[in-house]
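Structure file model.pdb; described as PDB, N, CA and C atoms.
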ATOM      1  N   MET A   7       5.081   0.711  14.262
ATOM      2  CA  MET A   7       4.041   0.256  13.375
ATOM      3  C   MET A   7       4.639  -0.328  12.100
ATOM      4  N   ALA A   8       3.771  -0.696  11.194
ATOM      5  CA  ALA A   8       4.180  -1.367   9.968
ATOM      6  C   ALA A   8       4.704  -0.377   8.928
ATOM      7  N   ARG A   9       5.502  -0.905   8.022
ATOM      8  CA  ARG A   9       5.985  -0.138   6.869
ATOM      9  C   ARG A   9       5.059  -0.489   5.706
ATOM     10  N   ILE A  10       4.339   0.502   5.200
ATOM     11  CA  ILE A  10       3.336   0.301   4.167
ATOM     12  C   ILE A  10       3.738   1.072   2.913
ATOM     13  N   GLY A  11       3.798   0.383   1.790
ATOM     14  CA  GLY A  11       4.039   1.032   0.510
ATOM     15  C   GLY A  11       2.720   1.402  -0.119
ATOM     16  N   VAL A  12       2.578   2.648  -0.566
ATOM     17  CA  VAL A  12       1.323   3.117  -1.158
ATOM     18  C   VAL A  12       1.630   3.787  -2.489
ATOM     19  N   GLU A  13       0.889   3.387  -3.521
ATOM     20  CA  GLU A  13       1.039   4.004  -4.832
ATOM     21  C   GLU A  13       0.795   5.516  -4.695
ATOM     22  N   THR A  14       1.576   6.306  -5.381
ATOM     23  CA  THR A  14       1.558   7.760  -5.202
ATOM     24  C   THR A  14       0.215   8.395  -5.511
ATOM     25  N   THR A  15      -0.625   7.770  -6.336
ATOM     26  CA  THR A  15      -1.932   8.352  -6.668
ATOM     27  C   THR A  15      -2.927   8.241  -5.520
ATOM     28  N   LEU A  16      -2.610   7.464  -4.505
ATOM     29  CA  LEU A  16      -3.522   7.235  -3.382
ATOM     30  C   LEU A  16      -3.139   8.087  -2.175
ATOM     31  N   SER A  17      -3.077   9.394  -2.381
ATOM     32  CA  SER A  17      -2.615  10.301  -1.326
ATOM     33  C   SER A  17      -3.531  10.292  -0.102
ATOM     34  N   ASP A  18      -4.826  10.114  -0.297
ATOM     35  CA  ASP A  18      -5.745  10.073   0.841
ATOM     36  C   ASP A  18      -5.489   8.838   1.710
ATOM     37  N   VAL A  19      -5.187   7.713   1.078
ATOM     38  CA  VAL A  19      -4.860   6.491   1.817
ATOM     39  C   VAL A  19      -3.536   6.677   2.556
ATOM     40  N   LYS A  20      -2.574   7.274   1.888
ATOM     41  CA  LYS A  20      -1.271   7.537   2.501
ATOM     42  C   LYS A  20      -1.421   8.403   3.744
ATOM     43  N   ASP A  21      -2.206   9.471   3.634
ATOM     44  CA  ASP A  21      -2.431  10.368   4.771
ATOM     45  C   ASP A  21      -3.109   9.640   5.933
ATOM     46  N   ALA A  22      -4.127   8.842   5.621
ATOM     47  CA  ALA A  22      -4.867   8.126   6.669
ATOM     48  C   ALA A  22      -3.978   7.107   7.383
ATOM     49  N   LEU A  23      -3.173   6.365   6.628
ATOM     50  CA  LEU A  23      -2.282   5.375   7.245
ATOM     51  C   LEU A  23      -1.190   6.048   8.079
ATOM     52  N   THR A  24      -0.715   7.194   7.622
ATOM     53  CA  THR A  24       0.277   7.960   8.386
ATOM     54  C   THR A  24      -0.315   8.423   9.710
ATOM     55  N   GLU A  25      -1.561   8.900   9.672
ATOM     56  CA  GLU A  25      -2.240   9.333  10.896
ATOM     57  C   GLU A  25      -2.426   8.181  11.880
ATOM     58  N   MET A  26      -2.538   6.962  11.359
ATOM     59  CA  MET A  26      -2.676   5.777  12.219
ATOM     60  C   MET A  26      -1.348   5.363  12.829
ATOM     61  N   GLY A  27      -0.275   6.001  12.401
ATOM     62  CA  GLY A  27       1.027   5.710  12.969
ATOM     63  C   GLY A  27       1.906   4.794  12.143
ATOM     64  N   HIS A  28       1.458   4.405  10.956
ATOM     65  CA  HIS A  28       2.257   3.545  10.089
ATOM     66  C   HIS A  28       3.353   4.354   9.407
ATOM     67  N   HIS A  29       4.448   3.688   9.093
ATOM     68  CA  HIS A  29       5.505   4.293   8.286
ATOM     69  C   HIS A  29       5.122   4.050   6.830
ATOM     70  N   VAL A  30       4.787   5.111   6.102
ATOM     71  CA  VAL A  30       4.286   4.993   4.741
ATOM     72  C   VAL A  30       5.349   5.475   3.761
ATOM     73  N   VAL A  31       5.581   4.671   2.722
ATOM     74  CA  VAL A  31       6.533   5.035   1.671
ATOM     75  C   VAL A  31       5.810   5.049   0.329
ATOM     76  N   ASP A  32       6.250   5.912  -0.571
ATOM     77  CA  ASP A  32       5.683   5.971  -1.918
ATOM     78  C   ASP A  32       6.208   4.803  -2.742
ATOM     79  N   LEU A  33       5.308   4.154  -3.469
ATOM     80  CA  LEU A  33       5.703   3.093  -4.391
ATOM     81  C   LEU A  33       5.959   3.713  -5.753
ATOM     82  N   ARG A  34       7.209   3.801  -6.098
ATOM     83  CA  ARG A  34       7.585   4.329  -7.411
ATOM     84  C   ARG A  34       8.132   3.219  -8.293
ATOM     85  N   GLY A  35       8.530   2.126  -7.670
ATOM     86  CA  GLY A  35       9.093   0.991  -8.389
ATOM     87  C   GLY A  35       9.164  -0.216  -7.485
ATOM     88  N   ALA A  36       9.538  -1.353  -8.057
ATOM     89  CA  ALA A  36       9.568  -2.612  -7.314
ATOM     90  C   ALA A  36      10.515  -2.543  -6.115
ATOM     91  N   GLU A  37      11.598  -1.812  -6.238
ATOM     92  CA  GLU A  37      12.559  -1.720  -5.129
ATOM     93  C   GLU A  37      11.957  -1.038  -3.910
ATOM     94  N   ASP A  38      10.982  -0.168  -4.103
ATOM     95  CA  ASP A  38      10.319   0.503  -2.976
ATOM     96  C   ASP A  38       9.479  -0.477  -2.157
ATOM     97  N   ALA A  39       9.009  -1.547  -2.783
ATOM     98  CA  ALA A  39       8.152  -2.528  -2.109
ATOM     99  C   ALA A  39       8.956  -3.584  -1.348
ATOM    100  N   ALA A  40      10.243  -3.650  -1.593
ATOM    101  CA  ALA A  40      11.059  -4.746  -1.082
ATOM    102  C   ALA A  40      11.012  -4.916   0.434
ATOM    103  N   TYR A  41      10.955  -3.859   1.177
ATOM    104  CA  TYR A  41      11.003  -3.961   2.641
ATOM    105  C   TYR A  41       9.683  -3.565   3.303
ATOM    106  N   CYS A  42       8.594  -3.641   2.555
ATOM    107  CA  CYS A  42       7.284  -3.262   3.088
ATOM    108  C   CYS A  42       6.555  -4.477   3.665
ATOM    109  N   ASP A  43       5.827  -4.229   4.730
ATOM    110  CA  ASP A  43       4.988  -5.264   5.320
ATOM    111  C   ASP A  43       3.739  -5.483   4.478
ATOM    112  N   CYS A  44       3.353  -4.456   3.717
ATOM    113  CA  CYS A  44       2.131  -4.495   2.918
ATOM    114  C   CYS A  44       2.240  -3.383   1.880
ATOM    115  N   CYS A  45       1.634  -3.606   0.700
ATOM    116  CA  CYS A  45       1.618  -2.576  -0.337
ATOM    117  C   CYS A  45       0.185  -2.340  -0.796
ATOM    118  N   VAL A  46      -0.122  -1.087  -1.114
ATOM    119  CA  VAL A  46      -1.452  -0.720  -1.596
ATOM    120  C   VAL A  46      -1.295  -0.111  -2.980
ATOM    121  N   ILE A  47      -2.009  -0.708  -3.948
ATOM    122  CA  ILE A  47      -1.971  -0.203  -5.319
ATOM    123  C   ILE A  47      -3.372   0.260  -5.710
ATOM    124  N   SER A  48      -3.452   1.125  -6.711
ATOM    125  CA  SER A  48      -4.748   1.672  -7.133
ATOM    126  C   SER A  48      -5.575   0.665  -7.918
ATOM    127  N   GLY A  49      -4.930  -0.294  -8.533
ATOM    128  CA  GLY A  49      -5.640  -1.278  -9.334
ATOM    129  C   GLY A  49      -5.785  -0.878 -10.786
ATOM    130  N   GLN A  50      -5.425   0.341 -11.115
ATOM    131  CA  GLN A  50      -5.507   0.774 -12.503
ATOM    132  C   GLN A  50      -4.471   0.054 -13.345
ATOM    133  N   ASP A  51      -3.348  -0.259 -12.758
ATOM    134  CA  ASP A  51      -2.313  -1.049 -13.413
ATOM    135  C   ASP A  51      -2.002  -2.188 -12.457
ATOM    136  N   LYS A  52      -2.466  -3.370 -12.744
ATOM    137  CA  LYS A  52      -2.345  -4.508 -11.829
ATOM    138  C   LYS A  52      -0.895  -4.848 -11.506
ATOM    139  N   ASP A  53       0.028  -4.464 -12.356
ATOM    140  CA  ASP A  53       1.435  -4.745 -12.118
ATOM    141  C   ASP A  53       2.197  -3.432 -12.056
ATOM    142  N   VAL A  54       1.725  -2.534 -11.188
ATOM    143  CA  VAL A  54       2.300  -1.201 -11.097
ATOM    144  C   VAL A  54       3.811  -1.268 -10.863
ATOM    145  N   MET A  55       4.543  -0.817 -11.856
ATOM    146  CA  MET A  55       5.994  -0.715 -11.782
ATOM    147  C   MET A  55       6.658  -2.003 -11.307
ATOM    148  N   GLY A  56       6.077  -3.155 -11.604
ATOM    149  CA  GLY A  56       6.678  -4.424 -11.227
ATOM    150  C   GLY A  56       6.408  -4.857  -9.808
ATOM    151  N   VAL A  57       5.532  -4.161  -9.071
ATOM    152  CA  VAL A  57       5.278  -4.482  -7.667
ATOM    153  C   VAL A  57       4.738  -5.896  -7.513
ATOM    154  N   MET A  58       3.901  -6.335  -8.437
ATOM    155  CA  MET A  58       3.317  -7.669  -8.312
ATOM    156  C   MET A  58       4.380  -8.755  -8.451
ATOM    157  N   GLN A  59       5.493  -8.447  -9.092
ATOM    158  CA  GLN A  59       6.557  -9.424  -9.253
ATOM    159  C   GLN A  59       7.650  -9.254  -8.207
ATOM    160  N   ALA A  60       7.553  -8.234  -7.410
ATOM    161  CA  ALA A  60       8.574  -7.956  -6.403
ATOM    162  C   ALA A  60       8.493  -8.972  -5.277
ATOM    163  N   GLU A  61       9.625  -9.209  -4.677
ATOM    164  CA  GLU A  61       9.687 -10.089  -3.522
ATOM    165  C   GLU A  61       9.398  -9.256  -2.281
ATOM    166  N   ILE A  62       8.162  -9.348  -1.781
ATOM    167  CA  ILE A  62       7.824  -8.631  -0.559
ATOM    168  C   ILE A  62       7.310  -9.620   0.464
ATOM    169  N   ALA A  63       7.435  -9.253   1.715
ATOM    170  CA  ALA A  63       7.025 -10.145   2.804
ATOM    171  C   ALA A  63       5.521 -10.150   2.995
ATOM    172  N   GLY A  64       4.851  -9.058   2.667
ATOM    173  CA  GLY A  64       3.430  -8.931   2.969
ATOM    174  C   GLY A  64       2.538  -8.953   1.745
ATOM    175  N   ALA A  65       1.298  -8.593   1.983
ATOM    176  CA  ALA A  65       0.265  -8.622   0.956
ATOM    177  C   ALA A  65       0.327  -7.404   0.052
ATOM    178  N   VAL A  66      -0.196  -7.582  -1.159
ATOM    179  CA  VAL A  66      -0.424  -6.469  -2.073
ATOM    180  C   VAL A  66      -1.931  -6.277  -2.128
ATOM    181  N   ILE A  67      -2.394  -5.096  -1.739
ATOM    182  CA  ILE A  67      -3.817  -4.798  -1.667
ATOM    183  C   ILE A  67      -4.214  -3.924  -2.845
ATOM    184  N   ASN A  68      -5.196  -4.392  -3.602
ATOM    185  CA  ASN A  68      -5.733  -3.644  -4.727
ATOM    186  C   ASN A  68      -6.868  -2.768  -4.187
ATOM    187  N   ALA A  69      -6.681  -1.466  -4.190
ATOM    188  CA  ALA A  69      -7.646  -0.530  -3.604
ATOM    189  C   ALA A  69      -8.777  -0.147  -4.547
ATOM    190  N   GLN A  70      -8.796  -0.705  -5.745
ATOM    191  CA  GLN A  70      -9.821  -0.342  -6.719
ATOM    192  C   GLN A  70     -11.210  -0.661  -6.175
ATOM    193  N   GLY A  71     -12.098   0.329  -6.207
ATOM    194  CA  GLY A  71     -13.463   0.162  -5.752
ATOM    195  C   GLY A  71     -13.660   0.321  -4.253
ATOM    196  N   MET A  72     -12.591   0.608  -3.518
ATOM    197  CA  MET A  72     -12.690   0.785  -2.062
ATOM    198  C   MET A  72     -12.478   2.242  -1.703
ATOM    199  N   ASN A  73     -13.102   2.667  -0.602
ATOM    200  CA  ASN A  73     -12.833   4.010  -0.097
ATOM    201  C   ASN A  73     -11.646   3.940   0.869
ATOM    202  N   THR A  74     -11.217   5.072   1.344
ATOM    203  CA  THR A  74     -10.037   5.150   2.204
ATOM    204  C   THR A  74     -10.194   4.304   3.466
ATOM    205  N   GLU A  75     -11.345   4.386   4.095
ATOM    206  CA  GLU A  75     -11.572   3.629   5.328
ATOM    207  C   GLU A  75     -11.494   2.123   5.083
ATOM    208  N   GLU A  76     -12.073   1.677   3.990
ATOM    209  CA  GLU A  76     -12.035   0.247   3.658
ATOM    210  C   GLU A  76     -10.610  -0.224   3.416
ATOM    211  N   VAL A  77      -9.827   0.576   2.687
ATOM    212  CA  VAL A  77      -8.432   0.216   2.429
ATOM    213  C   VAL A  77      -7.663   0.122   3.737
ATOM    214  N   CYS A  78      -7.836   1.102   4.609
ATOM    215  CA  CYS A  78      -7.144   1.097   5.897
ATOM    216  C   CYS A  78      -7.527  -0.125   6.735
ATOM    217  N   ASN A  79      -8.796  -0.504   6.700
ATOM    218  CA  ASN A  79      -9.236  -1.693   7.438
ATOM    219  C   ASN A  79      -8.568  -2.953   6.904
ATOM    220  N   VAL A  80      -8.481  -3.084   5.582
ATOM    221  CA  VAL A  80      -7.833  -4.250   4.984
ATOM    222  C   VAL A  80      -6.350  -4.271   5.353
ATOM    223  N   VAL A  81      -5.691  -3.121   5.271
ATOM    224  CA  VAL A  81      -4.282  -3.044   5.651
ATOM    225  C   VAL A  81      -4.098  -3.501   7.090
ATOM    226  N   ASN A  82      -4.907  -2.992   7.999
ATOM    227  CA  ASN A  82      -4.766  -3.350   9.407
ATOM    228  C   ASN A  82      -5.033  -4.842   9.644
ATOM    229  N   GLN A  83      -5.934  -5.444   8.883
ATOM    230  CA  GLN A  83      -6.190  -6.881   8.990
ATOM    231  C   GLN A  83      -5.005  -7.696   8.493
ATOM    232  N   LYS A  84      -4.373  -7.234   7.423
ATOM    233  CA  LYS A  84      -3.260  -7.982   6.810
ATOM    234  C   LYS A  84      -1.984  -7.934   7.625
ATOM    235  N   ILE A  85      -1.765  -6.863   8.359
ATOM    236  CA  ILE A  85      -0.488  -6.726   9.065
ATOM    237  C   ILE A  85      -0.521  -7.240  10.494
ATOM    238  N   VAL A  86      -1.660  -7.706  10.939
ATOM    239  CA  VAL A  86      -1.776  -8.210  12.315
ATOM    240  C   VAL A  86      -1.082  -9.540  12.457
TER     241      VAL A  86
END
Structure encoded using structure tokens:
Amino acid sequence: MARIGVETTLSDVKDALTEMGHHVVDLRGAEDAAYCDCCVISGQDKDVMGVMQAEIAGAVINAQGMNTEEVCNVVNQKIV
């Protein structure tokens, strides 16, 4: 499955994506996003630890205003 970076405050999203079989890593800084197919941020800080400026292959998903299921659906759409 895909390698997904998830901001540490989104533990419910991390758990759900892990259950789906994705390899989930904590986003603590821009270097954590470097090899991710997709990253999920909380949206509270639009440039969380430089992730928005990081060179990543996939999308950065702002989870603000979405529930866990919605975030997981967007992730699955982006990595297909």
Legend entry - Nearest to Ala8 of chain A by atom-to-atom distance, counting all atoms listed in the file, from A:Glu76, A:Ala39, A:Cys44, A:Gln70: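 The shortest atom-to-atom distance to Ala8 of chain A comes from A:Cys44.
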Inset, instruction - Please identify all polymer residues within 12 Å of segment 15-30 of chain A, counting only C-alpha atoms, omitting same-chain residues fewer than 2 positions from it, and present them as JSON, numbers by chain. - result: {"A": [7, 8, 9, 10, 11, 12, 13, 32, 33, 34, 38, 39, 41, 42, 43, 44, 45, 46, 47, 48, 49, 50, 51, 54, 67, 68, 69, 70, 72, 73, 74, 75, 76, 77, 78, 79, 80, 81, 82, 85]}
Legend entry - Separation of atom C of Lys84 of chain A from atom CA of Gly71 of chain A in Å: 19.4 Å
Legend entry - Those in chain A with alpha helix (DSSP H) from DSSP, as a list in words: Ser17, Asp18, Val19, Lys20, Asp21, Ala22, Leu23, Thr24, Glu25, Ala36, Glu37, Asp38, Ala39, Thr74, Glu75, Glu76, Val77, Cys78, Asn79, Val80, Val81, Asn82, Gln83 and Lys84 of chain A
Legend entry - Interatomic distance, atom C of Val86 of chain A to atom C of Val66 of chain A (Å, one decimal): 15.0 Å
Legend entry - DSSP strand (DSSP E) selection over chain A, as a ChimeraX atom specification: /A:9-13,29-33,44-47,65-68
Selected residues, N, CA and C atoms, written as a compact mmCIF listing (two decimals), in the coordinates of the input, please.
# COMPACT_ATOMS: atom_id res chain seq x y z
N ARG A 9 5.50 -0.90 8.02
CA ARG A 9 5.98 -0.14 6.87
C ARG A 9 5.06 -0.49 5.71
N ILE A 10 4.34 0.50 5.20
CA ILE A 10 3.34 0.30 4.17
C ILE A 10 3.74 1.07 2.91
N GLY A 11 3.80 0.38 1.79
CA GLY A 11 4.04 1.03 0.51
C GLY A 11 2.72 1.40 -0.12
N VAL A 12 2.58 2.65 -0.57
CA VAL A 12 1.32 3.12 -1.16
C VAL A 12 1.63 3.79 -2.49
N GLU A 13 0.89 3.39 -3.52
CA GLU A 13 1.04 4.00 -4.83
C GLU A 13 0.80 5.52 -4.70
N HIS A 29 4.45 3.69 9.09
CA HIS A 29 5.50 4.29 8.29
C HIS A 29 5.12 4.05 6.83
N VAL A 30 4.79 5.11 6.10
CA VAL A 30 4.29 4.99 4.74
C VAL A 30 5.35 5.48 3.76
N VAL A 31 5.58 4.67 2.72
CA VAL A 31 6.53 5.04 1.67
C VAL A 31 5.81 5.05 0.33
N ASP A 32 6.25 5.91 -0.57
CA ASP A 32 5.68 5.97 -1.92
C ASP A 32 6.21 4.80 -2.74
N LEU A 33 5.31 4.15 -3.47
CA LEU A 33 5.70 3.09 -4.39
C LEU A 33 5.96 3.71 -5.75
N CYS A 44 3.35 -4.46 3.72
CA CYS A 44 2.13 -4.50 2.92
C CYS A 44 2.24 -3.38 1.88
N CYS A 45 1.63 -3.61 0.70
CA CYS A 45 1.62 -2.58 -0.34
C CYS A 45 0.18 -2.34 -0.80
N VAL A 46 -0.12 -1.09 -1.11
CA VAL A 46 -1.45 -0.72 -1.60
C VAL A 46 -1.30 -0.11 -2.98
N ILE A 47 -2.01 -0.71 -3.95
CA ILE A 47 -1.97 -0.20 -5.32
C ILE A 47 -3.37 0.26 -5.71
N ALA A 65 1.30 -8.59 1.98
CA ALA A 65 0.26 -8.62 0.96
C ALA A 65 0.33 -7.40 0.05
N VAL A 66 -0.20 -7.58 -1.16
CA VAL A 66 -0.42 -6.47 -2.07
C VAL A 66 -1.93 -6.28 -2.13
N ILE A 67 -2.39 -5.10 -1.74
CA ILE A 67 -3.82 -4.80 -1.67
C ILE A 67 -4.21 -3.92 -2.84
N ASN A 68 -5.20 -4.39 -3.60
CA ASN A 68 -5.73 -3.64 -4.73
C ASN A 68 -6.87 -2.77 -4.19
Legend entry - Computed interatomic separation between atom N of Ala40 of chain A and atom N of Gly64 of chain A (Å):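 So the two atoms, atom N of Ala40 of chain A and atom N of Gly64 of chain A, lie 8.7 Å apart.
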Return as lines of an AutoDock Vina configuration file the centre and edge lengths, in Å with one decimal, of the box along x, y and z that encloses every atom of segment 68-79 of chain A in the file, padded by 3 Å per side.
center_x = -9.4
center_y = 0.4
center_z = 0.4
size_x = 14.5
size_y = 15.5
size_z = 20.2
